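**Student:** Right, I'll just put the structure down here and ask away after.
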Amino acid sequence: MSGQDKAYYVSIQGQPVRVDVIEVDETSARFRVGEHTHVVHGQFRPGEALQELTVDGYPVRFRVEPGSERLTISRRGLQVSTRALSAREHELYALMPEKVVPDTSNLVFSPMPGKIIAVFVEAGQAVKAGEALCVIEAMKMENVLYAERDGTVVKLAIGAGQTVDADELLIEFEREEPGA
């Protein structure tokens, strides 16, 4: 690829950084990040967790953990999650809508499959943080679920003796007003 710049965007902790690849051969690469040109010598060994390269004349060891969409790179206790995109992928990725995670802070879900042994609250009841809500039996163990904060029970989706799946809605609390 000598003599032909190719732009990539490397996302580091969610922030895109432009990397211009200047030259690559079997054992080295030259690339530019901002105003600085860097030279890397060595070979990346896919499948091996510990990698050793020379960057700008200095030996560098780091650990690589592949993920489904990202690489996690660890060095000297610092861990960075990264992803590399071509310039075109970066442009298109910027157009993707942000995934909005639904607010489930007023809901209590079953942490595991099991059987509801006891329910200690009812609809309309005010509860305090730390108060027991219900007991789920799973694998011959009784697990008590507690209120994480003060609130009022709006809806009970369970009853004693009922079998529940993991992540099944158990109890709904009144939603807090913004700024309250």
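Residues in the structure tokens are numbered from 1 in each chain, the chains being A, B, ... in the order shown, and ligands are numbered from 1 in the order shown.
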Please build the interface table for range 59-161 of chain A against range 30-49 of chain A with a cut-off of 8 Å, listing for each qualifying residue the nearest atom pair and the distance in Å to one decimal; count only C-alpha atoms, order rows by chain and increasing number, and write it as JSON lines.
**Tutor:**
```
{"residue": "A:Arg63", "atom": "CA", "partner": "A:Ala49", "partner_atom": "CA", "distance": 5.3}
{"residue": "A:Val64", "atom": "CA", "partner": "A:Ala49", "partner_atom": "CA", "distance": 5.1}
{"residue": "A:Glu65", "atom": "CA", "partner": "A:Ala49", "partner_atom": "CA", "distance": 6.5}
```
**Student:** I'd like the contact shell of range 94-105 of chain A - 12 Å cut-off, only C-alpha atoms, skipping same-chain residues fewer than 6 positions apart - returned as a list in words.
**Tutor:** Tyr9, Ser11, Gly14, Gln15, Pro16, Leu85, Ala87, Arg88, Ala147, Glu148, Arg149, Asp150, Gly151, Asp167, Leu169, Ile171, Glu172, Phe173, Glu174, Arg175 and Glu176 of chain A
**Student:** So which residues touch Ala118 in chain A within 10 Å, counting only C-alpha atoms, skipping near sequence neighbours fewer than 5 positions away, as a PyMOL selection string?
**Tutor:** chain A and resi 133-137+144+158-162
**Student:** How about saving the chosen residues, C-alpha atoms kept, as a compact mmCIF listing (two decimals), in the first residue's frame?
**Tutor:**
```txt
# COMPACT_ATOMS: atom_id res chain seq x y z
CA LEU A 133 -40.62 -7.03 48.43
CA CYS A 134 -40.85 -10.76 47.74
CA VAL A 135 -39.06 -14.10 48.00
CA ILE A 136 -38.10 -16.22 44.98
CA GLU A 137 -37.09 -19.85 45.40
CA VAL A 144 -35.29 -12.05 49.02
CA ILE A 158 -46.89 -11.75 40.57
CA GLY A 159 -48.52 -13.77 43.29
CA ALA A 160 -47.35 -16.38 45.78
CA GLY A 161 -46.93 -19.79 44.17
CA GLN A 162 -46.39 -18.35 40.69
```
**Student:** For Glu168 in chain A, work out the shell of residues within 12 Å, counting only C-alpha atoms and skipping chain neighbours fewer than 4 positions away, then give it as a list in words.
**Tutor:**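 Contacts, with the query itself left out: Leu107, Val108, Phe109, Ser110, Pro111, Met112, Pro113, Gly114, Lys115, Ile116, Leu156, Ala157, Ile158, Gln162, Thr163, Val164 and Glu172 of chain A.
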**Student:** Can you tell me how far CA of Arg75 in chain A sits from CA of Arg61 in chain A, in Å to one decimal?
**Tutor:**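 Pair CA of Arg75 in chain A / CA of Arg61 in chain A returns 7.0 Å.
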**Student:** When distances are computed from only C-alpha atoms, which of A:His90, A:Ala138, A:Phe62, A:Thr27 shows the smallest separation from Ala166 in chain A?
**Tutor:**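 Answer, going by the shortest atom-to-atom distance: A:Ala138.
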**Student:** Using CA of Asp165 in chain A and CA of Phe120 in chain A as the two end points, give the distance in Å to one decimal.
**Tutor:**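 Atom-to-atom, CA of Asp165 in chain A to CA of Phe120 in chain A, that is 19.6 Å.
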**Student:** Using DSSP on the backbone coordinates, identify the residues of chain A assigned to strand (DSSP E or B); present them as a ChimeraX atom specification.
**Tutor:** /A:6-12,15-24,28-33,36-41,50-55,58-66,71-75,78-86,107-109,114-119,126-127,132-138,141-146,151-156,163-164,169-173
**Student:** Closest to Glu131 in chain A among A:Tyr93, A:Tyr8, A:Tyr58, A:Tyr146, using only C-alpha atoms?
**Tutor:**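 Using only C-alpha atoms, the shortest distance to Glu131 in chain A belongs to A:Tyr146.
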**Student:** I'd like to know which residues of range 13-173 of chain A are helix (DSSP H, G or I) (by DSSP, run on the backbone); could you write them as a list of chain:residue names?
**Tutor:**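 Reading the DSSP output for range 13-173 of chain A, helix (DSSP H, G or I) covers A:Ala87, A:Arg88, A:Glu89, A:His90, A:Glu91, A:Leu92, A:Tyr93, A:Ala94, A:Leu95.
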**Student:** Kindly indicate which residue among A:Ala126, A:Val21, A:Ala29, A:Leu71 lies nearest to Leu53 in chain A, using only C-alpha atoms for the distances.
**Tutor:** A:Ala29
**Student:** Could you work out how far CA of Val55 in chain A lies from CA of Gly77 in chain A, giving the answer in Å with one decimal?
**Tutor:**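 Separation between CA of Gly77 in chain A and CA of Val55 in chain A: 18.9 Å.
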